[in-house]
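S.K.: Sharing target.txt below, compact mmCIF, C-alpha atoms (C1' of nucleotides):
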```txt
# COMPACT_ATOMS: atom_id res chain seq x y z
CA MET F 226 148.24 60.12 115.06
CA LYS F 227 145.27 60.86 112.83
CA TYR F 228 143.69 62.84 115.67
CA VAL F 229 146.24 65.54 115.10
CA HIS F 230 144.88 66.18 111.67
CA SER F 231 141.33 66.26 112.93
CA CYS F 232 142.19 68.71 115.65
CA MET F 233 143.92 70.99 113.20
CA ILE F 234 141.01 71.20 110.84
CA ARG F 235 138.19 71.15 113.31
CA GLY F 236 137.87 72.70 116.73
CA ASP F 237 138.31 76.43 116.55
CA GLY F 238 139.11 76.18 112.89
CA GLY F 239 142.72 75.52 113.77
CA ARG F 240 143.14 79.13 114.73
CA THR F 241 144.61 78.60 118.19
CA LEU F 242 146.88 75.87 116.91
CA ARG F 243 148.04 77.98 114.01
CA ALA F 244 148.77 80.83 116.37
CA ILE F 245 151.03 78.60 118.45
CA LEU F 246 152.53 77.02 115.36
CA ASP F 247 153.20 80.45 113.88
CA GLN F 248 154.95 81.37 117.07
CA ILE F 249 157.18 78.30 116.94
CA CYS F 250 157.82 78.26 113.22
CA ASN F 251 158.92 81.81 112.77
CA LYS F 252 162.28 82.78 111.44
CA TRP F 253 164.37 82.28 114.56
CA THR F 254 162.49 80.43 117.27
CA LEU F 255 163.35 76.87 116.26
CA LEU F 256 166.97 77.87 115.80
CA VAL F 257 167.17 79.46 119.24
CA VAL F 258 165.52 76.47 120.89
CA ALA F 259 167.83 74.08 119.07
CA THR F 260 170.83 76.14 120.13
CA LEU F 261 169.74 76.03 123.76
CA ASP F 262 169.95 72.27 123.44
CA ALA F 263 173.58 72.88 124.40
CA GLY F 264 172.46 73.94 127.87
CA THR F 265 172.56 77.28 129.67
CA LEU F 266 173.86 80.09 127.50
CA ARG F 267 174.23 83.79 127.95
CA PHE F 268 172.96 86.38 125.52
CA LYS F 269 176.25 86.88 123.74
CA GLU F 270 176.87 83.16 123.38
CA LEU F 271 173.50 82.75 121.70
CA HIS F 272 174.22 85.70 119.48
CA GLN F 273 177.51 84.17 118.40
CA ARG F 274 176.12 80.69 117.84
CA ILE F 275 173.23 81.83 115.65
CA PRO F 276 174.72 83.36 112.54
CA GLY F 277 172.77 86.15 110.96
CA ILE F 278 170.46 86.99 113.84
CA SER F 279 170.36 90.60 114.94
CA GLN F 280 170.49 91.69 118.54
CA ARG F 281 166.96 92.92 118.23
CA MET F 282 165.53 89.70 116.85
CA LEU F 283 167.39 87.60 119.42
CA THR F 284 165.92 89.74 122.19
CA LEU F 285 162.41 89.56 120.76
CA THR F 286 162.60 85.81 120.18
CA LEU F 287 163.89 85.19 123.69
CA ARG F 288 161.17 87.40 125.20
CA ASN F 289 158.47 85.46 123.37
CA LEU F 290 159.94 82.15 124.44
CA GLU F 291 160.10 83.40 127.99
CA ARG F 292 156.51 84.62 127.83
CA ASP F 293 155.41 81.22 126.56
CA GLY F 294 157.25 79.49 129.35
CA LEU F 295 159.73 77.68 127.11
CA VAL F 296 162.84 79.52 128.23
CA SER F 297 163.93 80.80 131.63
CA ARG F 298 165.87 84.01 131.99
CA THR F 299 168.22 84.55 134.90
CA VAL F 300 169.81 87.91 135.57
CA HIS F 301 172.94 87.83 137.69
CA ALA F 302 173.70 90.93 139.74
CA GLU F 303 177.19 91.37 138.38
CA VAL F 304 179.25 93.92 136.57
CA PRO F 305 179.40 93.48 133.67
CA PRO F 306 175.82 92.17 133.47
CA ARG F 307 175.29 88.47 132.91
CA VAL F 308 172.02 86.95 131.78
CA ASP F 309 171.58 83.22 131.41
CA TYR F 310 169.03 81.58 129.20
CA GLU F 311 167.95 77.99 129.61
CA LEU F 312 165.18 75.78 128.30
CA THR F 313 162.44 75.06 130.80
CA GLU F 314 160.95 71.60 131.15
CA THR F 315 158.34 72.54 128.55
CA GLY F 316 161.02 73.98 126.31
CA ARG F 317 163.00 70.76 126.46
CA SER F 318 159.89 68.84 125.49
CA LEU F 319 159.76 70.91 122.31
CA LEU F 320 163.33 69.93 121.54
CA GLU F 321 162.47 66.46 120.33
CA PRO F 322 159.86 67.34 117.68
CA ALA F 323 161.80 70.46 116.74
CA LEU F 324 165.03 68.56 116.19
CA ALA F 325 163.10 65.88 114.35
CA LEU F 326 161.83 68.48 111.91
CA ALA F 327 165.25 70.08 111.61
CA GLY F 328 166.74 66.65 111.08
CA TRP F 329 164.26 65.93 108.33
CA ALA F 330 165.12 69.23 106.67
CA ILE F 331 168.85 68.52 106.84
CA GLU F 332 168.44 65.02 105.47
CA HIS F 333 166.34 66.22 102.57
CA VAL F 334 168.19 69.37 101.61
CA PRO F 335 170.02 67.70 98.70
CA GLN F 336 166.87 66.01 97.45
CA ILE F 337 164.80 69.17 97.63
CA GLU F 338 167.46 71.23 95.92
CA ALA F 339 167.70 68.65 93.17
CA SER F 340 163.94 68.75 92.75
CA ARG F 341 164.07 72.54 92.51
CA GLU F 342 166.74 72.35 89.84
CA ALA F 343 164.69 69.87 87.83
CA TYR F 344 161.63 72.07 88.23
CA LYS F 345 163.42 75.12 86.92
CA LYS F 346 164.50 73.35 83.77
CA ALA F 347 161.02 72.03 83.07
CA MET N 285 170.75 63.72 117.68
CA LYS N 286 173.36 66.30 118.65
CA TYR N 287 174.61 66.29 115.10
CA VAL N 288 171.51 68.18 114.06
CA HIS N 289 172.51 71.09 116.18
CA SER N 290 176.04 71.03 114.87
CA CYS N 291 174.86 71.00 111.29
CA MET N 292 172.53 73.88 111.93
CA ILE N 293 175.13 76.16 113.40
CA ARG N 294 178.06 75.14 111.28
CA GLY N 295 178.29 74.27 107.62
CA ASP N 296 176.99 77.11 105.49
CA GLY N 297 176.06 79.01 108.59
CA GLY N 298 172.73 77.24 108.60
CA ARG N 299 171.58 79.25 105.64
CA THR N 300 170.51 76.34 103.45
CA LEU N 301 168.78 74.66 106.33
CA ARG N 302 167.00 77.84 107.32
CA ALA N 303 165.85 78.31 103.74
CA ILE N 304 164.28 74.86 103.74
CA LEU N 305 162.91 75.33 107.23
CA ASP N 306 161.40 78.67 106.26
CA GLN N 307 159.76 77.00 103.32
CA ILE N 308 158.21 74.34 105.51
CA CYS N 309 157.33 76.58 108.43
CA ASN N 310 155.45 79.25 106.56
CA LYS N 311 151.86 80.09 107.20
CA TRP N 312 150.23 77.27 105.24
CA THR N 313 152.68 74.56 104.20
CA LEU N 314 152.46 72.35 107.30
CA LEU N 315 148.69 72.63 107.24
CA VAL N 316 148.49 71.61 103.59
CA VAL N 317 150.83 68.68 104.12
CA ALA N 318 148.89 67.56 107.18
CA THR N 319 145.65 67.81 105.23
CA LEU N 320 147.06 65.66 102.44
CA ASP N 321 147.59 63.01 105.08
CA ALA N 322 144.02 62.11 104.18
CA GLY N 323 145.18 60.92 100.75
CA THR N 324 144.57 62.27 97.26
CA LEU N 325 142.55 65.46 97.21
CA ARG N 326 141.54 67.88 94.52
CA PHE N 327 142.01 71.60 94.66
CA LYS N 328 138.55 72.42 95.90
CA GLU N 329 138.64 69.75 98.58
CA LEU N 330 141.86 71.18 99.93
CA HIS N 331 140.38 74.65 99.81
CA GLN N 332 137.39 73.51 101.82
CA ARG N 333 139.38 71.55 104.38
CA ILE N 334 141.78 74.36 105.20
CA PRO N 335 139.75 77.16 106.74
CA GLY N 336 140.95 80.66 106.02
CA ILE N 337 143.31 79.93 103.16
CA SER N 338 142.83 81.98 100.00
CA GLN N 339 142.82 80.49 96.54
CA ARG N 340 146.00 82.34 95.81
CA MET N 341 147.88 81.07 98.84
CA LEU N 342 146.69 77.52 98.28
CA THR N 343 147.97 77.64 94.71
CA LEU N 344 151.30 79.15 95.74
CA THR N 345 151.78 76.67 98.56
CA LEU N 346 150.97 73.73 96.32
CA ARG N 347 153.33 74.99 93.60
CA ASN N 348 156.17 75.27 96.08
CA LEU N 349 155.48 71.81 97.44
CA GLU N 350 155.41 70.47 93.91
CA ARG N 351 158.65 72.24 93.06
CA ASP N 352 160.28 70.75 96.15
CA GLY N 353 159.07 67.30 95.19
CA LEU N 354 156.82 66.86 98.21
CA VAL N 355 153.52 66.85 96.36
CA SER N 356 152.51 65.44 93.00
CA ARG N 357 150.03 67.23 90.79
CA THR N 358 147.88 65.30 88.34
CA VAL N 359 145.73 67.07 85.78
CA HIS N 360 142.87 65.04 84.36
CA ALA N 361 141.73 65.94 80.86
CA GLU N 362 138.12 66.44 81.81
CA VAL N 363 135.49 69.11 81.68
CA PRO N 364 135.18 70.58 84.24
CA PRO N 365 138.89 70.41 85.04
CA ARG N 366 140.03 68.10 87.76
CA VAL N 367 143.42 68.30 89.45
CA ASP N 368 144.53 65.83 92.07
CA TYR N 369 147.15 66.50 94.68
CA GLU N 370 148.95 63.80 96.58
CA LEU N 371 151.95 63.54 98.84
CA THR N 372 155.01 62.00 97.23
CA GLU N 373 157.17 59.53 99.08
CA THR N 374 159.30 62.42 100.31
CA GLY N 375 156.20 64.34 101.26
CA ARG N 376 154.94 61.46 103.33
CA SER N 377 158.27 61.28 105.11
CA LEU N 378 157.70 64.86 106.22
CA LEU N 379 154.37 63.89 107.69
CA GLU N 380 155.82 62.23 110.75
CA PRO N 381 157.97 65.10 112.07
CA ALA N 382 155.36 67.63 110.96
CA LEU N 383 152.56 65.90 112.82
CA ALA N 384 154.86 65.44 115.80
CA LEU N 385 155.37 69.19 115.95
CA ALA N 386 151.68 69.86 115.44
CA GLY N 387 150.91 67.33 118.14
CA TRP N 388 153.28 69.04 120.51
CA ALA N 389 151.64 72.38 119.77
CA ILE N 390 148.17 70.98 120.40
CA GLU N 391 149.21 69.33 123.65
CA HIS N 392 150.81 72.49 124.94
CA VAL N 393 148.28 75.08 123.86
CA PRO N 394 146.68 75.34 127.31
CA GLN N 395 150.01 75.49 129.07
CA ILE N 396 151.40 78.16 126.76
CA GLU N 397 148.27 80.26 126.98
CA ALA N 398 148.40 80.03 130.77
CA SER N 399 152.03 81.13 130.69
CA ARG N 400 151.09 84.08 128.50
CA GLU N 401 148.37 85.11 130.91
CA ALA N 402 150.76 84.92 133.86
CA TYR N 403 153.32 86.94 131.90
CA LYS N 404 150.84 89.68 131.14
CA LYS N 405 149.97 90.13 134.79
CA ALA N 406 153.58 90.31 135.87
C1' DC V 14 136.68 73.86 88.52
C1' DT V 15 141.23 75.47 88.73
C1' DG V 16 143.62 78.46 88.45
C1' DT V 17 146.39 83.69 86.93
C1' DA V 18 146.94 88.62 87.30
C1' DT V 19 146.89 92.88 90.03
C1' DC V 20 146.86 95.86 93.55
C1' DC V 21 147.56 96.84 98.27
C1' DC V 22 148.73 96.56 103.09
C1' DC V 23 151.01 95.80 107.11
C1' DA V 24 153.58 93.27 110.35
C1' DA V 25 157.99 91.04 110.58
C1' DA V 26 162.52 91.81 110.22
C1' DG V 27 166.94 94.60 109.34
C1' DA V 28 170.04 98.69 110.31
C1' DT V 29 171.65 101.88 113.28
C1' DA V 30 172.33 104.40 117.32
C1' DC V 31 172.07 104.86 122.04
C1' DT V 32 171.96 103.31 127.41
C1' DG V 33 172.02 101.14 132.26
C1' DC L 180 177.35 92.90 128.45
C1' DA L 181 172.75 93.08 127.41
C1' DG L 182 169.77 95.22 125.97
C1' DT L 183 166.11 99.45 124.19
C1' DA L 184 164.55 102.96 120.74
C1' DT L 185 163.67 104.38 116.26
C1' DC L 186 163.42 104.28 111.49
C1' DT L 187 163.05 101.94 107.27
C1' DT L 188 162.36 98.20 104.26
C1' DT L 189 160.49 94.11 102.29
C1' DG L 190 157.87 90.62 100.85
C1' DG L 191 154.30 87.48 102.59
C1' DG L 192 149.78 87.36 102.28
C1' DG L 193 144.75 89.19 101.51
C1' DA L 194 141.09 90.88 98.25
C1' DT L 195 139.39 91.11 93.97
C1' DA L 196 138.79 90.39 89.22
C1' DC L 197 139.46 87.77 85.33
C1' DA L 198 140.60 83.42 82.25
C1' DG L 199 141.06 78.57 80.22
```
Output the file's structure as structure tokens, nothing else.
M.R.:
Amino acid sequence: MKYVHSCMIRGDGGRTLRAILDQICNKWTLLVVATLDAGTLRFKELHQRIPGISQRMLTLTLRNLERDGLVSRTVHAEVPPRVDYELTETGRSLLEPALALAGWAIEHVPQIEASREAYKKA
Amino acid sequence: MKYVHSCMIRGDGGRTLRAILDQICNKWTLLVVATLDAGTLRFKELHQRIPGISQRMLTLTLRNLERDGLVSRTVHAEVPPRVDYELTETGRSLLEPALALAGWAIEHVPQIEASREAYKKA
DNA sequence: CTGTATCCCCAAAGATACTG
DNA sequence: CAGTATCTTTGGGGATACAG
């Protein structure tokens, strides 16, 4: 696993990697991907399941994920409109490391908050 | 692993988790943590190994990591000053999911860039 | 060497209103 | 329902200078 570190520091100076990483680790992307773990969801369902996200940011995040080939978008010719979003094969492959990171964060929330409290007092 | 998703969406509305996740997924944190995979490093060594980071951002990132209990900071009473940074036990536990995500990003860089190209043309 | 202290900028994100 | 358009805000991050 050490090669990861090498690749990050060397190569193109980590620029390409950081660009991808920035794309993944922005405010909403991981949350949207994790939510799509549930399967195919329409726009409104995503909007409801992700508290605090605005319509605009959900749209932008989904467009970027679609552009990167991580999410597929299916428009159904119906009235009212219906658009389904689903993880692609690549998107599902991101699920594992993404959920691992999210899991780590959840597990360590109490510890980190305790550390922050201790830091404030010192 | 489904419980991760549940926790993210429910609970406090995912606010606490997102706060932690934001802290981890900012521009430099993952890179600093990954760099400290190499072991104990002093300020200048970190600065050299992370291309593009400013002194200010390195300091801020390290302070946050220290506050969160992920990095330990040791000041040696020497002239010139010497400060060593090292991952704590908690910090090292972040290494695995962090490197997994970085590894995923590296593996999928070509694929994502190809998808972006295809998207542009369409 | 290892940092603070300032100033500044801009892109990301929010709010709101409107539309096919 | 599923967006787009527009405006505004904010704070993350860069550059620079200075300090212990």
S.K.: What's around region 15-21 of chain V at 8 Å? Count only C-alpha atoms (C1' of nucleotides), leave out sequence neighbours fewer than 6 positions away in its own chain, and write the answer as a count of residues only.
M.R.: 7
S.K.: Expressed in Å to a single decimal, how great is the separation between CA of Asp247 (chain F) and CA of Glu342 (chain F)?
M.R.: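 Computed distance, CA of Asp247 (chain F) to CA of Glu342 (chain F), equals 28.8 Å.
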S.K.: Contacts of Leu349 (chain N) at 12 Å or less, counting all atoms listed in the file, minus same-chain residues fewer than 2 places along, as JSON, numbers by chain?
M.R.: {"F": [337, 340, 341, 344], "N": [304, 307, 308, 310, 312, 313, 314, 315, 316, 317, 320, 342, 343, 344, 345, 346, 347, 351, 352, 353, 354, 355, 356, 357, 369, 370, 371, 372, 374, 375, 376, 378]}
S.K.: Report chain F as a PDB file with C-alpha atoms, keeping the file's coordinate frame in the frame of chain N, after least-squares superposition over all C-alpha atoms paired in order.
M.R.:
```pdb
ATOM      1  CA  MET F 226     170.649  63.742 117.765  1.00  0.00           C
ATOM      2  CA  LYS F 227     173.224  66.316 118.807  1.00  0.00           C
ATOM      3  CA  TYR F 228     174.586  66.323 115.254  1.00  0.00           C
ATOM      4  CA  VAL F 229     171.505  68.175 114.160  1.00  0.00           C
ATOM      5  CA  HIS F 230     172.435  71.102 116.302  1.00  0.00           C
ATOM      6  CA  SER F 231     175.983  71.095 115.033  1.00  0.00           C
ATOM      7  CA  CYS F 232     174.859  71.027 111.445  1.00  0.00           C
ATOM      8  CA  MET F 233     172.517  73.923 112.009  1.00  0.00           C
ATOM      9  CA  ILE F 234     175.131  76.171 113.491  1.00  0.00           C
ATOM     10  CA  ARG F 235     178.086  75.151 111.422  1.00  0.00           C
ATOM     11  CA  GLY F 236     178.352  74.211 107.783  1.00  0.00           C
ATOM     12  CA  ASP F 237     177.152  77.019 105.589  1.00  0.00           C
ATOM     13  CA  GLY F 238     176.136  78.983 108.623  1.00  0.00           C
ATOM     14  CA  GLY F 239     172.815  77.191 108.615  1.00  0.00           C
ATOM     15  CA  ARG F 240     171.748  79.193 105.618  1.00  0.00           C
ATOM     16  CA  THR F 241     170.691  76.306 103.390  1.00  0.00           C
ATOM     17  CA  LEU F 242     168.928  74.611 106.265  1.00  0.00           C
ATOM     18  CA  ARG F 243     167.142  77.782 107.244  1.00  0.00           C
ATOM     19  CA  ALA F 244     166.036  78.267 103.671  1.00  0.00           C
ATOM     20  CA  ILE F 245     164.444  74.821 103.639  1.00  0.00           C
ATOM     21  CA  LEU F 246     163.059  75.288 107.126  1.00  0.00           C
ATOM     22  CA  ASP F 247     161.594  78.647 106.140  1.00  0.00           C
ATOM     23  CA  GLN F 248     159.949  76.956 103.221  1.00  0.00           C
ATOM     24  CA  ILE F 249     158.384  74.288 105.423  1.00  0.00           C
ATOM     25  CA  CYS F 250     157.477  76.480 108.359  1.00  0.00           C
ATOM     26  CA  ASN F 251     155.648  79.189 106.533  1.00  0.00           C
ATOM     27  CA  LYS F 252     152.068  80.063 107.178  1.00  0.00           C
ATOM     28  CA  TRP F 253     150.373  77.286 105.237  1.00  0.00           C
ATOM     29  CA  THR F 254     152.795  74.577 104.190  1.00  0.00           C
ATOM     30  CA  LEU F 255     152.598  72.381 107.284  1.00  0.00           C
ATOM     31  CA  LEU F 256     148.826  72.674 107.258  1.00  0.00           C
ATOM     32  CA  VAL F 257     148.577  71.644 103.614  1.00  0.00           C
ATOM     33  CA  VAL F 258     150.923  68.707 104.122  1.00  0.00           C
ATOM     34  CA  ALA F 259     149.010  67.599 107.200  1.00  0.00           C
ATOM     35  CA  THR F 260     145.747  67.849 105.288  1.00  0.00           C
ATOM     36  CA  LEU F 261     147.117  65.695 102.484  1.00  0.00           C
ATOM     37  CA  ASP F 262     147.649  63.047 105.128  1.00  0.00           C
ATOM     38  CA  ALA F 263     144.057  62.148 104.256  1.00  0.00           C
ATOM     39  CA  GLY F 264     145.206  60.975 100.832  1.00  0.00           C
ATOM     40  CA  THR F 265     144.572  62.309  97.336  1.00  0.00           C
ATOM     41  CA  LEU F 266     142.564  65.513  97.318  1.00  0.00           C
ATOM     42  CA  ARG F 267     141.488  67.914  94.653  1.00  0.00           C
ATOM     43  CA  PHE F 268     142.013  71.647  94.795  1.00  0.00           C
ATOM     44  CA  LYS F 269     138.561  72.469  96.080  1.00  0.00           C
ATOM     45  CA  GLU F 270     138.682  69.792  98.758  1.00  0.00           C
ATOM     46  CA  LEU F 271     141.924  71.242 100.076  1.00  0.00           C
ATOM     47  CA  HIS F 272     140.449  74.701  99.968  1.00  0.00           C
ATOM     48  CA  GLN F 273     137.464  73.565 102.000  1.00  0.00           C
ATOM     49  CA  ARG F 274     139.482  71.607 104.539  1.00  0.00           C
ATOM     50  CA  ILE F 275     141.901  74.438 105.302  1.00  0.00           C
ATOM     51  CA  PRO F 276     139.894  77.242 106.833  1.00  0.00           C
ATOM     52  CA  GLY F 277     141.108  80.726 106.146  1.00  0.00           C
ATOM     53  CA  ILE F 278     143.418  80.006 103.233  1.00  0.00           C
ATOM     54  CA  SER F 279     142.869  82.026 100.091  1.00  0.00           C
ATOM     55  CA  GLN F 280     142.803  80.535  96.636  1.00  0.00           C
ATOM     56  CA  ARG F 281     145.975  82.376  95.849  1.00  0.00           C
ATOM     57  CA  MET F 282     147.916  81.139  98.852  1.00  0.00           C
ATOM     58  CA  LEU F 283     146.726  77.562  98.333  1.00  0.00           C
ATOM     59  CA  THR F 284     147.944  77.710  94.740  1.00  0.00           C
ATOM     60  CA  LEU F 285     151.295  79.202  95.710  1.00  0.00           C
ATOM     61  CA  THR F 286     151.824  76.730  98.547  1.00  0.00           C
ATOM     62  CA  LEU F 287     150.965  73.781  96.325  1.00  0.00           C
ATOM     63  CA  ARG F 288     153.290  75.035  93.571  1.00  0.00           C
ATOM     64  CA  ASN F 289     156.176  75.300  96.022  1.00  0.00           C
ATOM     65  CA  LEU F 290     155.495  71.849  97.397  1.00  0.00           C
ATOM     66  CA  GLU F 291     155.363  70.504  93.881  1.00  0.00           C
ATOM     67  CA  ARG F 292     158.608  72.254  92.981  1.00  0.00           C
ATOM     68  CA  ASP F 293     160.271  70.746  96.037  1.00  0.00           C
ATOM     69  CA  GLY F 294     159.044  67.310  95.112  1.00  0.00           C
ATOM     70  CA  LEU F 295     156.815  66.866  98.158  1.00  0.00           C
ATOM     71  CA  VAL F 296     153.494  66.892  96.347  1.00  0.00           C
ATOM     72  CA  SER F 297     152.436  65.472  92.992  1.00  0.00           C
ATOM     73  CA  ARG F 298     149.920  67.242  90.816  1.00  0.00           C
ATOM     74  CA  THR F 299     147.744  65.321  88.396  1.00  0.00           C
ATOM     75  CA  VAL F 300     145.563  67.079  85.862  1.00  0.00           C
ATOM     76  CA  HIS F 301     142.689  65.034  84.499  1.00  0.00           C
ATOM     77  CA  ALA F 302     141.479  65.895  81.008  1.00  0.00           C
ATOM     78  CA  GLU F 303     137.877  66.366  82.021  1.00  0.00           C
ATOM     79  CA  VAL F 304     135.208  68.992  81.944  1.00  0.00           C
ATOM     80  CA  PRO F 305     134.925  70.467  84.468  1.00  0.00           C
ATOM     81  CA  PRO F 306     138.669  70.352  85.201  1.00  0.00           C
ATOM     82  CA  ARG F 307     139.892  68.053  87.940  1.00  0.00           C
ATOM     83  CA  VAL F 308     143.304  68.305  89.545  1.00  0.00           C
ATOM     84  CA  ASP F 309     144.461  65.845  92.163  1.00  0.00           C
ATOM     85  CA  TYR F 310     147.110  66.543  94.727  1.00  0.00           C
ATOM     86  CA  GLU F 311     148.924  63.825  96.610  1.00  0.00           C
ATOM     87  CA  LEU F 312     151.973  63.574  98.826  1.00  0.00           C
ATOM     88  CA  THR F 313     154.989  62.018  97.164  1.00  0.00           C
ATOM     89  CA  GLU F 314     157.172  59.520  98.983  1.00  0.00           C
ATOM     90  CA  THR F 315     159.326  62.403 100.208  1.00  0.00           C
ATOM     91  CA  GLY F 316     156.243  64.344 101.209  1.00  0.00           C
ATOM     92  CA  ARG F 317     154.975  61.438 103.272  1.00  0.00           C
ATOM     93  CA  SER F 318     158.324  61.258 105.018  1.00  0.00           C
ATOM     94  CA  LEU F 319     157.783  64.842 106.148  1.00  0.00           C
ATOM     95  CA  LEU F 320     154.437  63.863 107.612  1.00  0.00           C
ATOM     96  CA  GLU F 321     155.885  62.215 110.683  1.00  0.00           C
ATOM     97  CA  PRO F 322     158.047  65.085 111.984  1.00  0.00           C
ATOM     98  CA  ALA F 323     155.448  67.610 110.867  1.00  0.00           C
ATOM     99  CA  LEU F 324     152.637  65.876 112.721  1.00  0.00           C
ATOM    100  CA  ALA F 325     154.920  65.436 115.702  1.00  0.00           C
ATOM    101  CA  LEU F 326     155.443  69.182 115.845  1.00  0.00           C
ATOM    102  CA  ALA F 327     151.756  69.863 115.302  1.00  0.00           C
ATOM    103  CA  GLY F 328     150.956  67.331 117.988  1.00  0.00           C
ATOM    104  CA  TRP F 329     153.308  69.043 120.389  1.00  0.00           C
ATOM    105  CA  ALA F 330     151.670  72.380 119.637  1.00  0.00           C
ATOM    106  CA  ILE F 331     148.186  70.976 120.217  1.00  0.00           C
ATOM    107  CA  GLU F 332     149.189  69.313 123.462  1.00  0.00           C
ATOM    108  CA  HIS F 333     150.769  72.476 124.789  1.00  0.00           C
ATOM    109  CA  VAL F 334     148.249  75.055 123.662  1.00  0.00           C
ATOM    110  CA  PRO F 335     146.574  75.273 127.090  1.00  0.00           C
ATOM    111  CA  GLN F 336     149.894  75.449 128.904  1.00  0.00           C
ATOM    112  CA  ILE F 337     151.288  78.121 126.618  1.00  0.00           C
ATOM    113  CA  GLU F 338     148.141  80.193 126.816  1.00  0.00           C
ATOM    114  CA  ALA F 339     148.214  79.958 130.587  1.00  0.00           C
ATOM    115  CA  SER F 340     151.832  81.071 130.584  1.00  0.00           C
ATOM    116  CA  ARG F 341     150.918  84.026 128.377  1.00  0.00           C
ATOM    117  CA  GLU F 342     148.141  85.024 130.741  1.00  0.00           C
ATOM    118  CA  ALA F 343     150.488  84.866 133.718  1.00  0.00           C
ATOM    119  CA  TYR F 344     153.060  86.885 131.802  1.00  0.00           C
ATOM    120  CA  LYS F 345     150.593  89.623 131.003  1.00  0.00           C
ATOM    121  CA  LYS F 346     149.651  90.072 134.627  1.00  0.00           C
ATOM    122  CA  ALA F 347     153.261  90.245 135.760  1.00  0.00           C
TER     123      ALA F 347
END
```
S.K.: Please check the contacts: residues of chain F at most 10 Å away from chain V, using all atoms listed in the file, listed as JSON, numbers by chain.
M.R.: {"F": [251, 252, 278, 279, 281, 282, 306]}
S.K.: Could you write out that same residue set with C-alpha atoms as a short mmCIF file (atom, residue, chain, number, x, y, z; two decimals), in the coordinates of the input?
M.R.:
```
data_model
loop_
_atom_site.label_atom_id
_atom_site.label_comp_id
_atom_site.auth_asym_id
_atom_site.auth_seq_id
_atom_site.Cartn_x
_atom_site.Cartn_y
_atom_site.Cartn_z
CA ASN F 251 158.92 81.81 112.77
CA LYS F 252 162.28 82.78 111.44
CA ILE F 278 170.46 86.99 113.84
CA SER F 279 170.36 90.60 114.94
CA ARG F 281 166.96 92.92 118.23
CA MET F 282 165.53 89.70 116.85
CA PRO F 306 175.82 92.17 133.47
#
```
S.K.: So what do you get for CA of His272 (chain F) versus C1' of DG190 (chain L), distance-wise?
M.R.: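 Going from CA of His272 (chain F) over to C1' of DG190 (chain L), I get 25.3 Å.
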S.K.: Quick one, how far is C1' of DG199 (chain L) from CA of Glu329 (chain N)?
M.R.: 20.5 Å
S.K.: Chain L residues within 12 Å of chain N, counting all atoms listed in the file: which ones, as number ranges by chain?
M.R.: L: 191-195, 199
S.K.: Write the residues of the preceding selection, restricted to C-alpha atoms (C1' of nucleotides), as a PDB file, in the coordinates of the input.
M.R.:
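Below you can see part27.pdb, which holds the result:
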```
ATOM      1  C1'  DG L 191     154.300  87.480 102.590  1.00  0.00           C
ATOM      2  C1'  DG L 192     149.780  87.360 102.280  1.00  0.00           C
ATOM      3  C1'  DG L 193     144.750  89.190 101.510  1.00  0.00           C
ATOM      4  C1'  DA L 194     141.090  90.880  98.250  1.00  0.00           C
ATOM      5  C1'  DT L 195     139.390  91.110  93.970  1.00  0.00           C
ATOM      6  C1'  DG L 199     141.060  78.570  80.220  1.00  0.00           C
TER       7       DG L 199
END
```
S.K.: Could you check which of N:Gly323, N:Pro364, N:Pro394, N:Pro381 is closest to chain F, using all atoms listed in the file?
M.R.: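 Closest to chain F, using all atoms listed in the file: N:Pro381.
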S.K.: Edge lengths and centre, in Å to one decimal, as AutoDock Vina command-line options: that's what I need for the box along x, y and z that holds all listed atoms of region 314-322 of chain N plus 4 Å on each side.
M.R.:
```
--center_x 148.2 --center_y 67.4 --center_z 104.9 --size_x 16.4 --size_y 18.5 --size_z 12.9
```
S.K.: Here is a test: counting only C-alpha atoms, which residue of N:Asn348, N:Ala398, N:Leu385, N:Lys404 is nearest to chain F?
M.R.: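 The answer is N:Leu385, which sits nearest to chain F.
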S.K.: Is there a way to complete region 305-312 of chain N with N, CA and C atoms and then write that out as a PDB file, in the frame of the given file?
M.R.:
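Result file is rebuild.pdb:
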```
ATOM      1  N   LEU N 305     163.776  75.238 106.065  1.00  0.00           N
ATOM      2  CA  LEU N 305     162.910  75.330 107.230  1.00  0.00           C
ATOM      3  C   LEU N 305     161.872  76.447 107.043  1.00  0.00           C
ATOM      4  N   ASP N 306     162.324  77.566 106.508  1.00  0.00           N
ATOM      5  CA  ASP N 306     161.400  78.670 106.260  1.00  0.00           C
ATOM      6  C   ASP N 306     160.302  78.231 105.302  1.00  0.00           C
ATOM      7  N   GLN N 307     160.714  77.464 104.310  1.00  0.00           N
ATOM      8  CA  GLN N 307     159.760  77.000 103.320  1.00  0.00           C
ATOM      9  C   GLN N 307     158.702  76.110 103.947  1.00  0.00           C
ATOM     10  N   ILE N 308     159.126  75.291 104.872  1.00  0.00           N
ATOM     11  CA  ILE N 308     158.210  74.340 105.510  1.00  0.00           C
ATOM     12  C   ILE N 308     157.356  75.035 106.562  1.00  0.00           C
ATOM     13  N   CYS N 309     157.990  75.970 107.284  1.00  0.00           N
ATOM     14  CA  CYS N 309     157.330  76.580 108.430  1.00  0.00           C
ATOM     15  C   CYS N 309     156.607  77.863 108.083  1.00  0.00           C
ATOM     16  N   ASN N 310     156.192  78.034 106.851  1.00  0.00           N
ATOM     17  CA  ASN N 310     155.450  79.250 106.560  1.00  0.00           C
ATOM     18  C   ASN N 310     153.992  79.068 106.964  1.00  0.00           C
ATOM     19  N   LYS N 311     153.213  80.037 106.633  1.00  0.00           N
ATOM     20  CA  LYS N 311     151.860  80.090 107.200  1.00  0.00           C
ATOM     21  C   LYS N 311     151.004  78.863 106.857  1.00  0.00           C
ATOM     22  N   TRP N 312     151.189  78.283 105.680  1.00  0.00           N
ATOM     23  CA  TRP N 312     150.230  77.270 105.240  1.00  0.00           C
ATOM     24  C   TRP N 312     150.811  75.890 104.945  1.00  0.00           C
TER      25      TRP N 312
END
```
